[in-house]
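S.K.: Here you go, this is entry18.txt (compact mmCIF, C-alpha atoms).
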```
# COMPACT_ATOMS: atom_id res chain seq x y z
CA MET A 1 -7.73 -8.36 -39.83
CA ILE A 2 -9.76 -10.51 -42.22
CA THR A 3 -12.79 -12.14 -40.65
CA TYR A 4 -13.02 -15.92 -40.66
CA GLU A 5 -16.05 -15.78 -42.95
CA ARG A 6 -14.31 -13.63 -45.56
CA PHE A 7 -11.17 -15.71 -45.32
CA THR A 8 -13.23 -18.85 -46.00
CA ILE A 9 -14.73 -17.23 -49.11
CA ILE A 10 -11.24 -16.34 -50.36
CA CYS A 11 -10.13 -19.96 -49.92
CA TRP A 12 -13.12 -21.32 -51.84
CA ILE A 13 -12.50 -18.86 -54.68
CA TRP A 14 -8.88 -20.04 -54.83
CA ILE A 15 -9.96 -23.69 -54.90
CA SER A 16 -12.56 -22.94 -57.59
CA PHE A 17 -9.90 -21.33 -59.75
CA ALA A 18 -7.80 -24.50 -59.55
CA VAL A 19 -10.77 -26.65 -60.57
CA VAL A 20 -11.52 -24.36 -63.52
CA ILE A 21 -7.99 -24.44 -64.96
CA PHE A 22 -7.51 -28.18 -64.47
CA PRO A 23 -9.04 -29.14 -67.87
CA LEU A 24 -6.82 -26.52 -69.53
CA LEU A 25 -3.66 -27.95 -67.95
CA LEU A 26 -4.65 -31.39 -69.22
CA LYS A 27 -4.49 -29.99 -72.76
CA VAL A 28 -1.52 -27.59 -72.50
CA THR A 29 1.93 -28.96 -71.72
CA GLN A 30 3.67 -26.83 -69.13
CA PRO A 31 6.83 -25.48 -70.84
CA TYR A 32 9.65 -26.26 -68.43
CA GLY A 33 12.07 -29.10 -67.81
CA ARG A 34 12.09 -31.55 -70.70
CA HIS A 35 9.16 -29.67 -72.25
CA SER A 36 10.87 -26.27 -72.23
CA ASN A 37 10.73 -24.21 -75.42
CA SER A 38 11.09 -20.63 -76.61
CA LYS A 39 7.47 -20.22 -77.69
CA TRP A 40 6.45 -18.90 -74.27
CA GLY A 41 8.56 -15.74 -74.47
CA LYS A 42 11.55 -14.58 -72.48
CA ARG A 43 13.42 -17.20 -70.46
CA ILE A 44 15.84 -16.99 -67.54
CA ASN A 45 18.35 -19.31 -65.89
CA ASN A 46 16.62 -22.46 -64.65
CA LYS A 47 18.19 -22.49 -61.17
CA LEU A 48 17.53 -18.78 -60.64
CA GLY A 49 13.94 -19.22 -61.78
CA TRP A 50 13.27 -22.06 -59.33
CA PHE A 51 14.81 -20.06 -56.48
CA ILE A 52 12.80 -16.91 -57.24
CA MET A 53 9.45 -18.64 -57.58
CA GLU A 54 9.77 -20.94 -54.53
CA LEU A 55 11.09 -18.33 -52.08
CA PRO A 56 7.79 -16.42 -51.56
CA ALA A 57 6.14 -19.49 -50.00
CA LEU A 58 8.83 -19.52 -47.32
CA VAL A 59 8.98 -15.76 -46.77
CA VAL A 60 5.25 -14.97 -46.78
CA PHE A 61 4.34 -17.95 -44.60
CA GLY A 62 7.14 -17.13 -42.16
CA PHE A 63 6.09 -13.47 -42.03
CA PHE A 64 2.63 -14.27 -40.68
CA LEU A 65 3.83 -16.90 -38.24
CA SER A 66 6.47 -14.54 -36.83
CA PHE A 67 3.75 -12.22 -35.50
CA THR A 68 1.43 -14.77 -33.95
CA GLU A 69 1.17 -15.20 -30.20
CA ASN A 70 0.32 -18.87 -30.77
CA LEU A 71 3.62 -19.85 -32.41
CA PHE A 72 4.36 -22.49 -29.77
CA ASP A 73 0.89 -23.99 -29.81
CA LYS A 74 1.26 -27.65 -30.72
CA LEU A 75 -0.69 -27.44 -33.98
CA VAL A 76 0.88 -24.18 -35.17
CA LEU A 77 4.41 -25.25 -34.30
CA ILE A 78 4.20 -28.66 -35.97
CA ALA A 79 2.58 -27.27 -39.13
CA GLY A 80 5.15 -24.47 -39.25
CA LEU A 81 8.07 -26.86 -38.91
CA LEU A 82 6.72 -29.15 -41.65
CA TRP A 83 6.25 -26.19 -43.99
CA ALA A 84 9.78 -24.97 -43.26
CA LEU A 85 11.21 -28.47 -43.79
CA HIS A 86 9.76 -28.56 -47.30
CA TYR A 87 10.37 -24.99 -48.42
CA VAL A 88 13.84 -24.46 -46.99
CA HIS A 89 14.85 -27.42 -49.14
CA ARG A 90 12.72 -26.41 -52.14
CA ALA A 91 13.85 -22.77 -52.24
CA LEU A 92 17.38 -22.81 -50.81
CA ILE A 93 18.78 -26.27 -51.60
CA PHE A 94 16.95 -28.03 -54.45
CA PRO A 95 17.51 -25.39 -57.18
CA PHE A 96 21.26 -25.45 -56.66
CA ARG A 97 21.47 -29.25 -56.79
CA LEU A 98 19.96 -29.39 -60.26
CA HIS A 99 22.33 -30.43 -63.04
CA THR A 100 20.74 -28.17 -65.63
CA LYS A 101 23.68 -26.11 -66.86
CA GLY A 102 22.62 -23.91 -69.73
CA LYS A 103 18.92 -24.71 -69.31
CA GLN A 104 16.34 -21.96 -69.02
CA ILE A 105 12.77 -21.62 -67.77
CA PRO A 106 10.12 -19.33 -69.30
CA LEU A 107 9.66 -16.14 -67.31
CA VAL A 108 5.90 -16.58 -67.47
CA ILE A 109 6.21 -19.85 -65.52
CA VAL A 110 8.31 -18.06 -62.88
CA VAL A 111 5.71 -15.28 -62.60
CA PHE A 112 2.87 -17.77 -62.18
CA GLY A 113 4.99 -19.66 -59.64
CA ILE A 114 5.57 -16.46 -57.64
CA LEU A 115 1.83 -15.73 -57.68
CA PHE A 116 0.89 -19.22 -56.57
CA ASN A 117 3.47 -19.44 -53.79
CA THR A 118 2.61 -15.97 -52.50
CA VAL A 119 -1.12 -16.75 -52.30
CA ASN A 120 -0.48 -20.21 -50.90
CA GLY A 121 1.95 -18.92 -48.28
CA PHE A 122 -0.51 -16.19 -47.32
CA LEU A 123 -3.54 -18.49 -46.96
CA ASN A 124 -1.76 -21.14 -44.91
CA GLY A 125 0.32 -18.70 -42.87
CA TYR A 126 -2.62 -16.43 -42.12
CA TRP A 127 -4.84 -19.33 -41.08
CA LEU A 128 -2.22 -20.72 -38.70
CA ALA A 129 -1.50 -17.27 -37.27
CA HIS A 130 -5.11 -16.21 -36.70
CA PHE A 131 -7.54 -19.14 -36.84
CA ALA A 132 -5.72 -22.40 -36.09
CA VAL A 133 -6.02 -22.47 -32.30
CA ALA A 134 -9.67 -21.34 -32.31
CA ASN A 135 -10.55 -24.20 -34.67
CA GLU A 136 -8.50 -26.87 -32.95
CA SER A 137 -10.35 -30.01 -31.85
CA ASP A 138 -9.14 -31.30 -28.50
CA SER A 139 -10.63 -34.74 -28.99
CA LEU A 140 -8.97 -35.43 -32.33
CA VAL A 141 -5.86 -33.26 -32.26
CA ASN A 142 -3.38 -35.90 -31.17
CA LEU A 143 -4.63 -38.49 -33.66
CA HIS A 144 -4.74 -36.24 -36.72
CA LEU A 145 -1.40 -34.68 -35.84
CA ILE A 146 0.29 -38.07 -35.61
CA VAL A 147 -1.30 -39.45 -38.78
CA GLY A 148 -0.66 -36.22 -40.66
CA VAL A 149 3.01 -36.02 -39.67
CA VAL A 150 3.56 -39.65 -40.67
CA LEU A 151 1.96 -39.03 -44.06
CA PHE A 152 3.93 -35.82 -44.56
CA ILE A 153 7.28 -37.41 -43.74
CA ALA A 154 6.47 -40.45 -45.90
CA GLY A 155 5.57 -38.26 -48.86
CA TYR A 156 8.54 -35.97 -48.27
CA SER A 157 10.89 -38.98 -48.20
CA ILE A 158 9.39 -40.46 -51.38
CA ASN A 159 9.72 -37.13 -53.15
CA LYS A 160 13.32 -36.50 -52.12
CA TYR A 161 14.48 -40.08 -52.74
CA HIS A 162 13.23 -40.10 -56.31
CA ASP A 163 14.42 -36.55 -56.94
CA ARG A 164 17.91 -37.78 -56.06
CA ILE A 165 17.61 -40.61 -58.58
CA LEU A 166 16.71 -38.11 -61.30
CA ILE A 167 19.49 -35.72 -60.30
CA LYS A 168 22.06 -38.54 -60.39
CA LEU A 169 20.90 -39.48 -63.90
CA ARG A 170 21.58 -35.94 -65.05
CA ASN A 171 24.99 -36.07 -63.39
CA GLY A 172 26.01 -39.30 -65.12
CA SER A 173 28.37 -39.78 -67.99
CA LYS A 174 25.63 -40.17 -70.57
CA ALA A 175 24.19 -37.09 -72.23
CA GLY A 176 20.48 -36.34 -72.35
CA TYR A 177 17.56 -37.99 -70.62
CA GLN A 178 17.51 -41.64 -69.56
CA ILE A 179 14.92 -44.06 -68.24
CA PRO A 180 14.96 -43.84 -64.42
CA TYR A 181 14.93 -47.05 -62.39
CA GLY A 182 14.72 -47.86 -58.69
CA GLY A 183 12.17 -47.38 -55.94
CA LEU A 184 8.69 -46.49 -57.12
CA PHE A 185 9.95 -45.92 -60.65
CA SER A 186 9.05 -49.58 -61.05
CA TYR A 187 5.40 -48.54 -60.87
CA VAL A 188 5.10 -44.91 -62.04
CA SER A 189 6.94 -42.45 -64.24
CA CYS A 190 6.79 -39.65 -61.66
CA PRO A 191 7.07 -41.03 -58.11
CA ASN A 192 8.52 -37.70 -56.99
CA TYR A 193 5.16 -36.09 -57.84
CA PHE A 194 3.32 -38.93 -56.10
CA GLY A 195 5.40 -38.23 -53.00
CA GLU A 196 4.59 -34.53 -53.13
CA ILE A 197 0.86 -35.23 -53.34
CA ILE A 198 1.14 -37.46 -50.24
CA THR A 199 3.17 -34.72 -48.52
CA TRP A 200 0.45 -32.11 -48.84
CA PHE A 201 -2.29 -34.60 -48.07
CA GLY A 202 -0.41 -35.18 -44.82
CA PHE A 203 -0.23 -31.43 -44.21
CA PHE A 204 -3.99 -31.22 -44.69
CA VAL A 205 -4.51 -34.02 -42.17
CA VAL A 206 -2.28 -32.15 -39.70
CA THR A 207 -4.17 -28.86 -39.95
CA LEU A 208 -7.63 -29.98 -41.14
CA SER A 209 -7.88 -26.51 -42.66
CA LEU A 210 -9.37 -25.08 -45.83
CA PRO A 211 -6.07 -23.45 -46.93
CA ALA A 212 -4.29 -26.81 -46.63
CA LEU A 213 -7.09 -28.41 -48.66
CA SER A 214 -6.63 -25.71 -51.30
CA PHE A 215 -2.91 -26.49 -51.40
CA LEU A 216 -3.62 -30.20 -51.87
CA VAL A 217 -6.09 -29.45 -54.69
CA TRP A 218 -3.62 -27.13 -56.41
CA THR A 219 -0.83 -29.69 -56.02
CA MET A 220 -2.91 -32.32 -57.77
CA VAL A 221 -4.14 -29.89 -60.44
CA ASN A 222 -0.56 -28.94 -61.24
CA LEU A 223 1.25 -32.27 -60.90
CA ILE A 224 -1.21 -34.74 -62.43
CA PRO A 225 -1.23 -33.10 -65.89
CA ARG A 226 2.53 -32.66 -65.62
CA ALA A 227 2.97 -36.35 -64.78
CA LEU A 228 0.73 -37.41 -67.67
CA ASP A 229 2.81 -35.28 -70.06
CA ASN A 230 6.06 -36.75 -68.73
CA HIS A 231 4.66 -40.27 -69.03
CA LYS A 232 3.67 -39.69 -72.66
CA TRP A 233 7.10 -38.20 -73.35
CA TYR A 234 8.92 -41.21 -71.89
CA LYS A 235 6.83 -43.65 -73.93
CA LYS A 236 7.44 -41.65 -77.10
CA GLU A 237 11.15 -41.10 -76.48
CA PHE A 238 12.09 -44.66 -75.44
CA GLU A 239 10.90 -47.72 -77.35
CA ASN A 240 11.86 -49.98 -74.44
CA TYR A 241 10.00 -47.96 -71.82
CA PRO A 242 8.35 -50.31 -69.26
CA GLU A 243 4.74 -50.88 -70.27
CA ASN A 244 3.51 -51.60 -66.74
CA ARG A 245 4.30 -48.14 -65.40
CA LYS A 246 1.51 -45.69 -64.70
CA ALA A 247 2.03 -41.92 -64.73
CA VAL A 248 1.81 -40.86 -61.10
CA ILE A 249 -0.38 -43.07 -58.87
CA PRO A 250 0.71 -46.74 -58.70
CA PHE A 251 -1.73 -49.14 -60.40
CA LEU A 252 -4.30 -46.38 -60.98
CA LEU A 253 -3.19 -43.34 -63.02
```
What does this structure look like when you write it as structure tokens?

M.R.:
Amino acid sequence: MITYERFTIICWIWISFAVVIFPLLLKVTQPYGRHSNSKWGKRINNKLGWFIMELPALVVFGFFLSFTENLFDKLVLIAGLLWALHYVHRALIFPFRLHTKGKQIPLVIVVFGILFNTVNGFLNGYWLAHFAVANESDSLVNLHLIVGVVLFIAGYSINKYHDRILIKLRNGSKAGYQIPYGGLFSYVSCPNYFGEIITWFGFFVVTLSLPALSFLVWTMVNLIPRALDNHKWYKKEFENYPENRKAVIPFLL
């Protein structure tokens, strides 16, 4: 078993790595979705790629929780259910709802996705299985659980609602990309990313753990550059693109 001190060091190393690569991601457009190209080597089916790279987060996290004696502790159970809610949908439902027939994703993106989700599933699953109860604060637990769950569900709902808008656009009669409208699209180009950031901020508030903080940092490091790239693409692709929209955070960014 990893000691709490060593586990903490591992988490800080993982967070530091995210901070280091953030400036690089601001300069390099991630090559999938509308930005996909063949310059990044071998590519595979888009739906298969999403399924393969999201599944480890569900499997690895579930593996550690399945062996803990504290599974039905309030904090562990709630955090586990929230994680499952997100990743059952992300790994087993979302990839097969995508209308991306014929589209491919670079294998290197899938490999990095597998690595990230494996490490992320390990850190959060291991912490909940071995350290969560020992670090639980009786005086604050009810408050941070309630606030965290509300934030998680709000972010989850925002993410899924705007994902559905995008999926319906791809399922329409018109070919190619279109300007999305409705909901928070009135304010930002990527409200689905905004929702995901809120989701994992809520998860951090639920657990108040270093692994959850690392997940939140990685989520922002990955999605903010991606949102900025999408925002630039929309403005370049559509002359009538709404000028008042930000990239990912309403009124700010």

S.K.: Between CA of Ala212 (chain A) and CA of Ile158 (chain A), what is the spacing in Å?

M.R.: 19.9 Å

S.K.: Between A:Ile44, A:Leu58, A:Val205, A:Leu92, which has the minimum distance to Leu107 (chain A) (counting all atoms listed in the file)?

M.R.: A:Ile44

S.K.: Name the residues in contact with Lys47 (chain A) at a cut-off of 9 Å, using all atoms listed in the file, excluding same-chain residues fewer than 5 positions from it; report them as a ChimeraX atom specification.

M.R.: /A:52,94-98,100-101,103-105

S.K.: Smallest atom-to-atom distance to Gly62 (chain A): which of A:Leu25, A:Leu123, A:Ile9, A:Ile167, using all atoms listed in the file?

M.R.: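 Checking each candidate against Gly62 (chain A), we get A:Leu123 as the closest.
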
S.K.: Between CA of Tyr126 (chain A) and CA of Asp73 (chain A), what is the spacing in Å?

M.R.: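 It comes out at 14.9 Å.
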